[in-house]
>>> print(open('input33.cif').read())   # mmCIF, C-alpha atoms
data_coords
loop_
_atom_site.label_atom_id
_atom_site.label_comp_id
_atom_site.auth_asym_id
_atom_site.auth_seq_id
_atom_site.Cartn_x
_atom_site.Cartn_y
_atom_site.Cartn_z
CA MET A 1 -26.41 -56.97 28.17
CA VAL A 2 -25.53 -57.70 24.55
CA ARG A 3 -29.09 -57.28 23.24
CA GLN A 4 -29.41 -53.88 24.86
CA ARG A 5 -26.15 -52.73 23.23
CA THR A 6 -27.58 -53.71 19.86
CA GLU A 7 -30.80 -51.85 20.63
CA ASP A 8 -28.77 -48.77 21.60
CA TYR A 9 -26.87 -49.02 18.31
CA GLU A 10 -30.15 -49.10 16.40
CA ARG A 11 -31.36 -45.95 18.16
CA ALA A 12 -28.13 -44.11 17.45
CA GLY A 13 -27.32 -45.31 13.95
CA LEU A 14 -30.47 -46.10 12.02
CA SER A 15 -32.59 -43.77 9.92
CA THR A 16 -35.60 -41.92 11.28
CA TRP A 17 -37.68 -44.17 9.03
CA ALA A 18 -36.15 -47.44 10.23
CA THR A 19 -37.99 -49.91 12.46
CA LEU A 20 -36.32 -50.31 15.86
CA SER A 21 -36.52 -53.74 17.44
CA VAL A 22 -37.64 -52.17 20.74
CA ASP A 23 -40.63 -50.67 18.93
CA THR A 24 -41.99 -53.97 17.67
CA LYS A 25 -45.72 -54.54 17.91
CA GLY A 26 -44.78 -57.83 19.47
CA ARG A 27 -45.70 -61.46 19.10
CA GLU A 28 -49.06 -63.20 19.36
CA ARG A 29 -47.73 -65.00 22.45
CA ALA A 30 -45.56 -62.97 24.79
CA GLU A 31 -42.03 -64.26 25.40
CA SER A 32 -39.11 -63.33 27.61
CA LEU A 33 -36.47 -61.27 25.80
CA ASP A 34 -33.29 -63.02 24.70
CA PRO A 35 -30.09 -61.82 26.42
CA LEU A 36 -28.09 -61.78 23.17
CA ARG A 37 -30.47 -61.26 20.26
CA THR A 38 -33.06 -58.67 19.39
CA VAL A 39 -36.55 -59.89 18.51
CA PHE A 40 -35.84 -59.57 14.79
CA GLN A 41 -32.59 -61.52 15.12
CA GLN A 42 -34.54 -64.26 16.89
CA ASP A 43 -37.07 -64.34 14.07
CA ARG A 44 -34.32 -64.67 11.48
CA ASP A 45 -32.82 -67.61 13.35
CA ARG A 46 -36.19 -69.33 13.75
CA ILE A 47 -36.81 -69.07 10.01
CA VAL A 48 -33.38 -70.43 9.07
CA HIS A 49 -33.94 -73.47 11.30
CA ALA A 50 -37.50 -74.08 10.08
CA GLU A 51 -38.28 -77.28 8.18
CA ALA A 52 -40.06 -75.27 5.48
CA PHE A 53 -36.87 -73.25 4.87
CA ARG A 54 -34.82 -76.39 4.24
CA ARG A 55 -37.42 -77.72 1.81
CA LEU A 56 -36.87 -74.67 -0.41
CA ALA A 57 -33.68 -76.39 -1.61
CA ASP A 58 -35.81 -78.70 -3.78
CA LYS A 59 -38.53 -76.35 -4.99
CA THR A 60 -38.63 -74.81 -8.45
CA GLN A 61 -37.70 -71.15 -8.87
CA ALA A 62 -37.53 -70.22 -12.56
CA PHE A 63 -38.14 -73.27 -14.73
CA ILE A 64 -39.79 -76.64 -14.23
CA GLY A 65 -37.58 -79.53 -15.18
CA PRO A 66 -33.87 -80.21 -15.74
CA SER A 67 -33.15 -76.69 -17.03
CA ASP A 68 -33.49 -75.37 -13.47
CA ARG A 69 -30.96 -77.88 -12.16
CA LEU A 70 -28.06 -77.89 -14.56
CA GLY A 71 -26.08 -80.39 -12.52
CA ASP A 72 -23.12 -78.08 -12.02
CA GLY A 73 -24.39 -75.74 -9.32
CA ARG A 74 -25.61 -73.08 -11.76
CA GLY A 75 -29.32 -73.81 -11.47
CA ARG A 76 -31.61 -71.75 -9.27
CA VAL A 77 -34.09 -73.12 -6.77
CA ARG A 78 -36.41 -71.42 -4.30
CA LEU A 79 -33.73 -71.48 -1.58
CA THR A 80 -31.09 -69.72 -3.67
CA HIS A 81 -33.76 -67.20 -4.65
CA ALA A 82 -34.47 -66.47 -0.97
CA LEU A 83 -30.76 -65.96 -0.31
CA GLU A 84 -30.38 -63.69 -3.31
CA VAL A 85 -33.38 -61.58 -2.30
CA THR A 86 -31.83 -61.30 1.17
CA GLN A 87 -28.53 -60.09 -0.26
CA VAL A 88 -30.16 -57.47 -2.49
CA ALA A 89 -32.49 -56.30 0.27
CA ARG A 90 -29.65 -55.95 2.76
CA THR A 91 -27.66 -53.86 0.30
CA ILE A 92 -30.63 -51.51 -0.06
CA ALA A 93 -31.24 -51.49 3.69
CA ARG A 94 -27.65 -50.67 4.57
CA ALA A 95 -27.56 -47.80 2.10
CA LEU A 96 -30.79 -46.41 3.58
CA ARG A 97 -29.78 -47.14 7.20
CA LEU A 98 -32.72 -49.46 7.78
CA ASN A 99 -32.88 -52.41 10.18
CA GLU A 100 -30.95 -55.17 8.41
CA ASP A 101 -32.03 -57.84 10.89
CA LEU A 102 -35.70 -57.20 10.11
CA VAL A 103 -34.95 -57.14 6.38
CA GLU A 104 -33.11 -60.44 6.61
CA ALA A 105 -35.88 -62.18 8.54
CA ILE A 106 -38.55 -61.07 6.05
CA ALA A 107 -36.47 -61.94 3.00
CA LEU A 108 -35.48 -65.39 4.23
CA GLY A 109 -39.08 -66.19 5.16
CA HIS A 110 -40.99 -64.64 2.29
CA ASP A 111 -41.41 -67.87 0.28
CA LEU A 112 -41.78 -70.47 3.04
CA GLY A 113 -45.28 -71.35 1.86
CA HIS A 114 -44.44 -71.65 -1.82
CA THR A 115 -45.69 -74.73 -3.65
CA PRO A 116 -43.66 -77.24 -5.61
CA PHE A 117 -43.08 -76.27 -9.27
CA GLY A 118 -43.22 -72.52 -8.67
CA HIS A 119 -46.27 -70.54 -9.69
CA ALA A 120 -47.65 -73.53 -11.57
CA GLY A 121 -48.25 -75.01 -8.13
CA GLU A 122 -50.36 -72.04 -7.11
CA GLU A 123 -52.40 -72.46 -10.27
CA ALA A 124 -52.86 -76.16 -9.52
CA LEU A 125 -54.04 -75.71 -5.94
CA SER A 126 -56.27 -72.69 -6.52
CA VAL A 127 -59.14 -74.85 -7.77
CA PHE A 128 -59.42 -76.42 -4.30
CA ALA A 129 -59.22 -73.20 -2.28
CA GLU A 130 -62.14 -70.90 -1.47
CA GLU A 131 -60.16 -68.17 -3.18
CA SER A 132 -56.92 -68.38 -5.15
CA PHE A 133 -54.13 -70.26 -3.40
CA ARG A 134 -51.51 -67.60 -2.72
CA HIS A 135 -48.08 -68.56 -1.48
CA GLN A 136 -47.73 -65.47 0.71
CA GLU A 137 -50.81 -66.45 2.72
CA GLN A 138 -49.56 -70.03 2.98
CA SER A 139 -46.23 -68.65 4.21
CA ILE A 140 -48.09 -67.01 7.10
CA ARG A 141 -49.88 -70.27 7.82
CA VAL A 142 -46.51 -72.04 7.85
CA VAL A 143 -44.97 -69.67 10.39
CA ASP A 144 -48.11 -69.31 12.49
CA VAL A 145 -49.41 -72.88 12.54
CA LEU A 146 -47.53 -75.58 10.66
CA GLU A 147 -44.00 -75.28 12.02
CA ARG A 148 -43.05 -76.91 15.31
CA GLY A 149 -45.87 -79.42 15.17
CA GLY A 150 -48.61 -76.83 15.26
CA ALA A 151 -47.03 -74.34 17.64
CA GLY A 152 -45.69 -72.11 14.87
CA LEU A 153 -42.67 -69.83 15.10
CA ASN A 154 -44.47 -67.01 16.95
CA LEU A 155 -42.81 -64.33 14.83
CA THR A 156 -43.10 -60.60 15.39
CA TRP A 157 -45.85 -58.59 13.73
CA GLU A 158 -43.38 -56.73 11.50
CA VAL A 159 -41.84 -59.89 10.05
CA ARG A 160 -45.25 -61.43 9.40
CA ASP A 161 -46.45 -58.22 7.72
CA GLY A 162 -43.40 -58.18 5.46
CA ILE A 163 -43.85 -61.82 4.47
CA LEU A 164 -47.55 -61.43 3.74
CA ASN A 165 -47.21 -58.25 1.69
CA HIS A 166 -44.01 -58.92 -0.27
CA PRO A 167 -45.70 -59.45 -3.68
CA GLY A 168 -46.57 -56.40 -5.76
CA THR A 169 -50.18 -57.56 -5.84
CA MET A 170 -50.53 -56.96 -2.09
CA PRO A 171 -50.77 -53.67 -0.15
CA PRO A 172 -47.36 -52.14 0.61
CA PRO A 173 -45.70 -53.52 3.74
CA ALA A 174 -46.06 -51.31 6.80
CA THR A 175 -42.32 -51.03 7.40
CA LEU A 176 -39.64 -49.69 5.08
CA GLU A 177 -37.76 -52.92 5.71
CA GLY A 178 -40.67 -54.86 4.27
CA GLN A 179 -40.78 -52.47 1.33
CA ALA A 180 -37.05 -53.03 0.74
CA VAL A 181 -37.67 -56.78 0.53
CA ARG A 182 -40.57 -56.21 -1.86
CA VAL A 183 -38.34 -54.16 -4.18
CA ALA A 184 -35.48 -56.66 -3.82
CA ASN A 185 -37.76 -59.57 -4.66
CA ARG A 186 -38.79 -57.90 -7.91
CA ILE A 187 -35.17 -57.14 -8.77
CA ALA A 188 -34.13 -60.72 -8.06
CA VAL A 189 -36.96 -62.31 -10.02
CA LEU A 190 -36.35 -60.22 -13.13
CA THR A 191 -32.57 -60.30 -13.23
CA HIS A 192 -32.13 -63.86 -12.05
CA ASP A 193 -34.79 -65.29 -14.36
CA LEU A 194 -33.07 -63.57 -17.27
CA GLU A 195 -29.65 -64.89 -16.30
CA ALA A 196 -31.01 -68.39 -15.61
CA ALA A 197 -32.73 -68.47 -19.02
CA VAL A 198 -29.49 -67.58 -20.81
CA ARG A 199 -27.43 -70.10 -18.85
CA ALA A 200 -29.99 -72.85 -19.45
CA GLY A 201 -29.97 -72.19 -23.20
CA VAL A 202 -33.58 -71.02 -23.21
CA LEU A 203 -32.50 -67.56 -24.38
CA ASP A 204 -29.60 -66.27 -26.41
CA ASP A 205 -28.02 -62.98 -25.36
CA ALA A 206 -28.63 -61.70 -28.89
CA VAL A 207 -32.42 -61.74 -28.51
CA ILE A 208 -32.51 -59.57 -25.37
CA PRO A 209 -34.02 -56.23 -26.48
CA GLU A 210 -31.37 -53.56 -26.92
CA ALA A 211 -33.49 -51.09 -24.94
CA ILE A 212 -33.19 -53.36 -21.89
CA ASN A 213 -29.43 -53.75 -22.33
CA ALA A 214 -29.02 -50.00 -22.73
CA ALA A 215 -31.04 -49.27 -19.61
CA LEU A 216 -29.73 -51.98 -17.28
CA GLY A 217 -26.42 -53.22 -18.65
CA ARG A 218 -25.32 -56.38 -20.43
CA THR A 219 -24.25 -58.52 -17.48
CA HIS A 220 -26.15 -59.89 -14.53
CA GLY A 221 -24.11 -57.85 -12.06
CA GLU A 222 -24.64 -54.63 -14.00
CA ARG A 223 -28.40 -55.16 -14.11
CA VAL A 224 -28.73 -55.85 -10.39
CA ALA A 225 -26.54 -52.85 -9.57
CA THR A 226 -28.59 -50.54 -11.82
CA PHE A 227 -31.84 -51.56 -10.17
CA VAL A 228 -30.39 -51.27 -6.66
CA GLU A 229 -28.77 -47.89 -7.23
CA ASP A 230 -32.03 -46.54 -8.63
CA ALA A 231 -34.00 -47.82 -5.61
CA VAL A 232 -31.55 -46.20 -3.19
CA ALA A 233 -31.49 -42.90 -5.10
CA ASN A 234 -35.29 -42.71 -5.07
CA SER A 235 -35.69 -43.77 -1.43
CA ILE A 236 -32.92 -42.14 0.57
CA ASP A 237 -34.33 -39.97 3.38
CA GLN A 238 -37.85 -40.80 2.19
CA PRO A 239 -40.71 -42.54 4.07
CA GLN A 240 -40.91 -45.29 1.45
CA VAL A 241 -38.68 -47.61 -0.58
CA ARG A 242 -39.37 -47.62 -4.30
CA GLN A 243 -37.91 -47.57 -7.78
CA GLY A 244 -38.11 -44.44 -9.90
CA GLN A 245 -40.86 -44.20 -12.49
CA TRP A 246 -38.50 -44.72 -15.42
CA MET A 247 -36.99 -47.84 -13.82
CA ASP A 248 -40.48 -49.14 -13.14
CA GLU A 249 -41.13 -48.83 -16.86
CA VAL A 250 -37.91 -50.69 -17.69
CA ALA A 251 -38.86 -53.44 -15.22
CA ALA A 252 -42.29 -53.76 -16.82
CA GLU A 253 -40.69 -54.06 -20.27
CA LEU A 254 -38.32 -56.75 -19.01
CA GLN A 255 -41.20 -58.63 -17.40
CA THR A 256 -43.18 -58.56 -20.65
CA PHE A 257 -40.16 -59.89 -22.55
CA LEU A 258 -39.52 -62.71 -20.04
CA THR A 259 -43.18 -63.74 -20.01
CA ALA A 260 -43.30 -64.12 -23.78
CA ALA A 261 -39.81 -65.49 -24.42
CA VAL A 262 -39.37 -67.70 -21.36
CA HIS A 263 -42.41 -68.46 -19.24
CA GLU A 264 -45.01 -68.76 -22.01
CA ARG A 265 -42.92 -70.58 -24.59
CA PRO A 266 -44.49 -73.91 -25.68
CA ALA A 267 -42.01 -76.08 -23.78
CA ALA A 268 -42.66 -74.14 -20.56
CA ARG A 269 -46.43 -74.43 -20.96
CA THR A 270 -46.10 -78.18 -21.47
CA GLN A 271 -44.08 -78.58 -18.29
CA ARG A 272 -46.48 -76.34 -16.40
CA ASP A 273 -49.46 -78.43 -17.49
CA LYS A 274 -47.72 -81.59 -16.32
CA ALA A 275 -46.96 -80.00 -12.95
CA VAL A 276 -50.56 -78.86 -12.54
CA HIS A 277 -51.83 -82.37 -13.32
CA CYS A 278 -49.38 -83.90 -10.86
CA LEU A 279 -50.31 -81.65 -7.93
CA ARG A 280 -54.06 -81.71 -8.54
CA SER A 281 -53.94 -85.50 -8.67
CA LEU A 282 -52.14 -85.58 -5.32
CA VAL A 283 -54.73 -83.31 -3.71
CA VAL A 284 -57.60 -85.42 -5.03
CA TYR A 285 -55.90 -88.57 -3.77
CA SER A 286 -55.48 -87.01 -0.32
CA LEU A 287 -59.13 -85.98 -0.21
CA GLU A 288 -60.20 -89.51 -1.13
CA ASN A 289 -57.72 -91.14 1.26
CA PRO A 290 -57.57 -88.84 4.30
CA ALA A 291 -56.15 -91.55 6.54
CA GLY A 292 -52.86 -91.08 4.72
CA LEU A 293 -52.57 -87.42 5.72
CA PRO A 294 -50.50 -86.35 8.72
CA PRO A 295 -52.48 -85.65 11.90
CA ALA A 296 -54.29 -82.31 11.88
CA VAL A 297 -52.35 -79.54 13.58
CA ARG A 298 -55.66 -77.89 14.44
CA THR A 299 -58.73 -79.96 15.13
CA ASP A 300 -61.02 -77.54 13.29
CA ASP A 301 -59.03 -77.60 10.02
CA PRO A 302 -61.22 -78.79 7.12
CA LEU A 303 -59.99 -81.81 5.18
CA VAL A 304 -59.24 -79.70 2.10
CA VAL A 305 -56.99 -77.40 4.14
CA ARG A 306 -55.06 -80.40 5.45
CA ALA A 307 -54.67 -81.72 1.92
CA LEU A 308 -53.43 -78.36 0.63
CA ASP A 309 -50.99 -78.10 3.54
CA GLU A 310 -49.60 -81.51 2.70
CA VAL A 311 -49.21 -81.00 -1.06
CA SER A 312 -48.04 -77.39 -0.96
CA GLY A 313 -45.36 -78.35 1.56
CA MET A 314 -43.89 -81.06 -0.67
CA THR A 315 -40.65 -80.55 -2.52
CA ASP A 316 -40.59 -81.07 -6.27
CA GLY A 317 -38.85 -84.41 -5.77
CA ARG A 318 -41.31 -85.68 -3.22
CA ALA A 319 -44.31 -84.62 -5.33
CA LEU A 320 -42.93 -86.54 -8.32
CA ALA A 321 -42.14 -89.58 -6.18
CA GLU A 322 -45.61 -89.56 -4.60
CA PHE A 323 -47.27 -89.23 -8.00
CA GLU A 324 -45.28 -92.19 -9.31
CA ARG A 325 -46.04 -94.30 -6.22
CA ARG A 326 -49.76 -93.58 -6.25
CA PHE A 327 -50.63 -93.45 -9.95
CA LEU A 328 -48.03 -95.30 -12.05
CA PRO A 329 -47.87 -99.09 -12.27
CA ALA A 330 -44.84 -100.86 -10.90
CA GLY A 331 -42.28 -102.13 -13.37
CA PRO A 332 -41.82 -105.78 -14.21
CA THR A 333 -40.55 -108.01 -11.43
CA ALA A 334 -37.96 -110.70 -11.75
#
>>> encode(input="input33.cif", output="structure tokens")
Amino acid sequence: MVRQRTEDYERAGLSTWATLSVDTKGRERAESLDPLRTVFQQDRDRIVHAEAFRRLADKTQAFIGPSDRLGDGRGRVRLTHALEVTQVARTIARALRLNEDLVEAIALGHDLGHTPFGHAGEEALSVFAEESFRHQEQSIRVVDVLERGGAGLNLTWEVRDGILNHPGTMPPPATLEGQAVRVANRIAVLTHDLEAAVRAGVLDDAVIPEAINAALGRTHGERVATFVEDAVANSIDQPQVRQGQWMDEVAAELQTFLTAAVHERPAARTQRDKAVHCLRSLVVYSLENPAGLPPAVRTDDPLVVRALDEVSGMTDGRALAEFERRFLPAGPTA
């Protein structure tokens, strides 16, 4: 059987620290094994075909507004970010002989619950949640509950753990594959935000600190390669995937620079405030007009949870269109 050949290959070829598909902790609901695909390959395919995955094509990644969609294919959105994280994570995984199928499933699914307008959306929705609205927790809700009309994707424990714990603010993922995605996500965010800012005209190459150029390189490809090579060098034949201490310090310096020069510049704050107002208005409208919400996927879901599901699942374009339809007057008629 094809699946069994793949499982045999994993046993023979992967690192001692890799996660074998036959060793999965399983799914919440037991299923028959697929004759062709391992459980992690199935999870990857389910994520790629999920509605939430397709919606990532119209969700903000780096910047809110036209600068993130340059009109010539150079802009970045949440979907291209997921693909780029997958590519970086697979490069790390292959070098470390980890399970690339598990890495790919986690990386493709890690942002399924992200709001419109990037992290501004999380800020907007947090005022309605019992605790802060966190996209990683919403991603788990998407794969467990919201997809397939309430049935969810029934993913394996390892993929769900990697999705939930991919941000640096969460505990480390239990698998090295999840840790590889966590490192790759940080690499992608830092290097791709920097490149996107330069291409959008938000930054000039000349203002990038020389210490960062000296440490990482002067091109996007050089910077990604430097980060990846450091992660591999510090993780090979080790029970964890991580950057070296010096590279962590460089990453922190780059993050500080991007925060001040890109994400907290006045124009960015203005756009963020507009996005927050838009999304909060949509949630309030949904709470005041619950008949307009889709049917509850679970009968015990509170109204506020249904409203947050609806608004967080919107694309940028739909959120803007819904705001215009609900709150702006119609134009003059003939």
>>> residues_around(input="input33.cif", residues="stretch 112-124 of chain A", least_positions_apart="3", cutoff="7 Å", atoms="all atoms listed in the file", output="list in words")
Ala52, Phe53, Lys59, Thr60, Gln61, Ile64, Gly109, Val127, Phe133, Arg134, His135, Gln136, Gln138, Ser139, Val142, Arg272, Ala275, Val276, Leu279, Arg280, Ser312, Gly313, Met314, Thr315 and Asp316 of chain A
>>> residues_around(input="input33.cif", residues="A:Arg186", least_positions_apart="6", cutoff="9 Å", atoms="all atoms listed in the file", output="NGL selection string")
:A and (85 or 167-168 or 251)
>>> resolve_selection(input="input33.cif", expression="the PyMOL selection byres ((chain A and resi 231) around 10)", output="PyMOL selection string")
chain A and resi 92+96+180+183-184+187+225-230+232-236+241-244+247
>>> residues_near_point(input="input33.cif", point="(-38.6, -58.6, 3.6)", cutoff="8 Å", atoms="all atoms listed in the file", output="PyMOL selection string")
chain A and resi 86+89+102-110+159+162-163+166+177-182
>>> resolve_selection(input="input33.cif", expression="the PyMOL selection byres ((chain A and resi 79) around 9)", output="number ranges by chain")
A: 53-59, 61, 76-78, 80-84, 108, 111
>>> build_atoms(input="input33.cif", residues="stretch 199-214 of chain A", atoms="N, CA and C atoms", output="compact mmCIF listing (two decimals), in the frame of the given file")
# COMPACT_ATOMS: atom_id res chain seq x y z
N ARG A 199 -28.33 -69.00 -19.22
CA ARG A 199 -27.43 -70.10 -18.85
C ARG A 199 -28.02 -71.46 -19.21
N ALA A 200 -29.35 -71.58 -19.14
CA ALA A 200 -29.99 -72.85 -19.45
C ALA A 200 -30.17 -73.05 -20.94
N GLY A 201 -29.81 -72.06 -21.76
CA GLY A 201 -29.97 -72.19 -23.20
C GLY A 201 -31.36 -71.90 -23.70
N VAL A 202 -32.22 -71.39 -22.80
CA VAL A 202 -33.58 -71.02 -23.21
C VAL A 202 -33.56 -69.74 -24.03
N LEU A 203 -32.66 -68.83 -23.67
CA LEU A 203 -32.50 -67.56 -24.38
C LEU A 203 -31.07 -67.42 -24.87
N ASP A 204 -30.92 -66.69 -25.95
CA ASP A 204 -29.60 -66.27 -26.41
C ASP A 204 -29.45 -64.78 -26.09
N ASP A 205 -28.26 -64.39 -25.68
CA ASP A 205 -28.02 -62.98 -25.36
C ASP A 205 -28.46 -62.06 -26.50
N ALA A 206 -28.36 -62.55 -27.73
CA ALA A 206 -28.63 -61.70 -28.89
C ALA A 206 -30.10 -61.30 -29.01
N VAL A 207 -30.99 -62.05 -28.37
CA VAL A 207 -32.42 -61.74 -28.51
C VAL A 207 -32.93 -60.81 -27.41
N ILE A 208 -32.09 -60.50 -26.43
CA ILE A 208 -32.51 -59.57 -25.37
C ILE A 208 -32.67 -58.19 -26.00
N PRO A 209 -33.82 -57.54 -25.84
CA PRO A 209 -34.02 -56.23 -26.48
C PRO A 209 -32.92 -55.24 -26.13
N GLU A 210 -32.46 -54.51 -27.13
CA GLU A 210 -31.37 -53.56 -26.92
C GLU A 210 -31.77 -52.47 -25.93
N ALA A 211 -33.05 -52.11 -25.89
CA ALA A 211 -33.49 -51.09 -24.94
C ALA A 211 -33.26 -51.53 -23.50
N ILE A 212 -33.43 -52.84 -23.23
CA ILE A 212 -33.19 -53.36 -21.89
C ILE A 212 -31.70 -53.35 -21.58
N ASN A 213 -30.88 -53.79 -22.54
CA ASN A 213 -29.43 -53.75 -22.33
C ASN A 213 -28.94 -52.33 -22.10
N ALA A 214 -29.46 -51.39 -22.87
CA ALA A 214 -29.02 -50.00 -22.73
C ALA A 214 -29.41 -49.43 -21.38
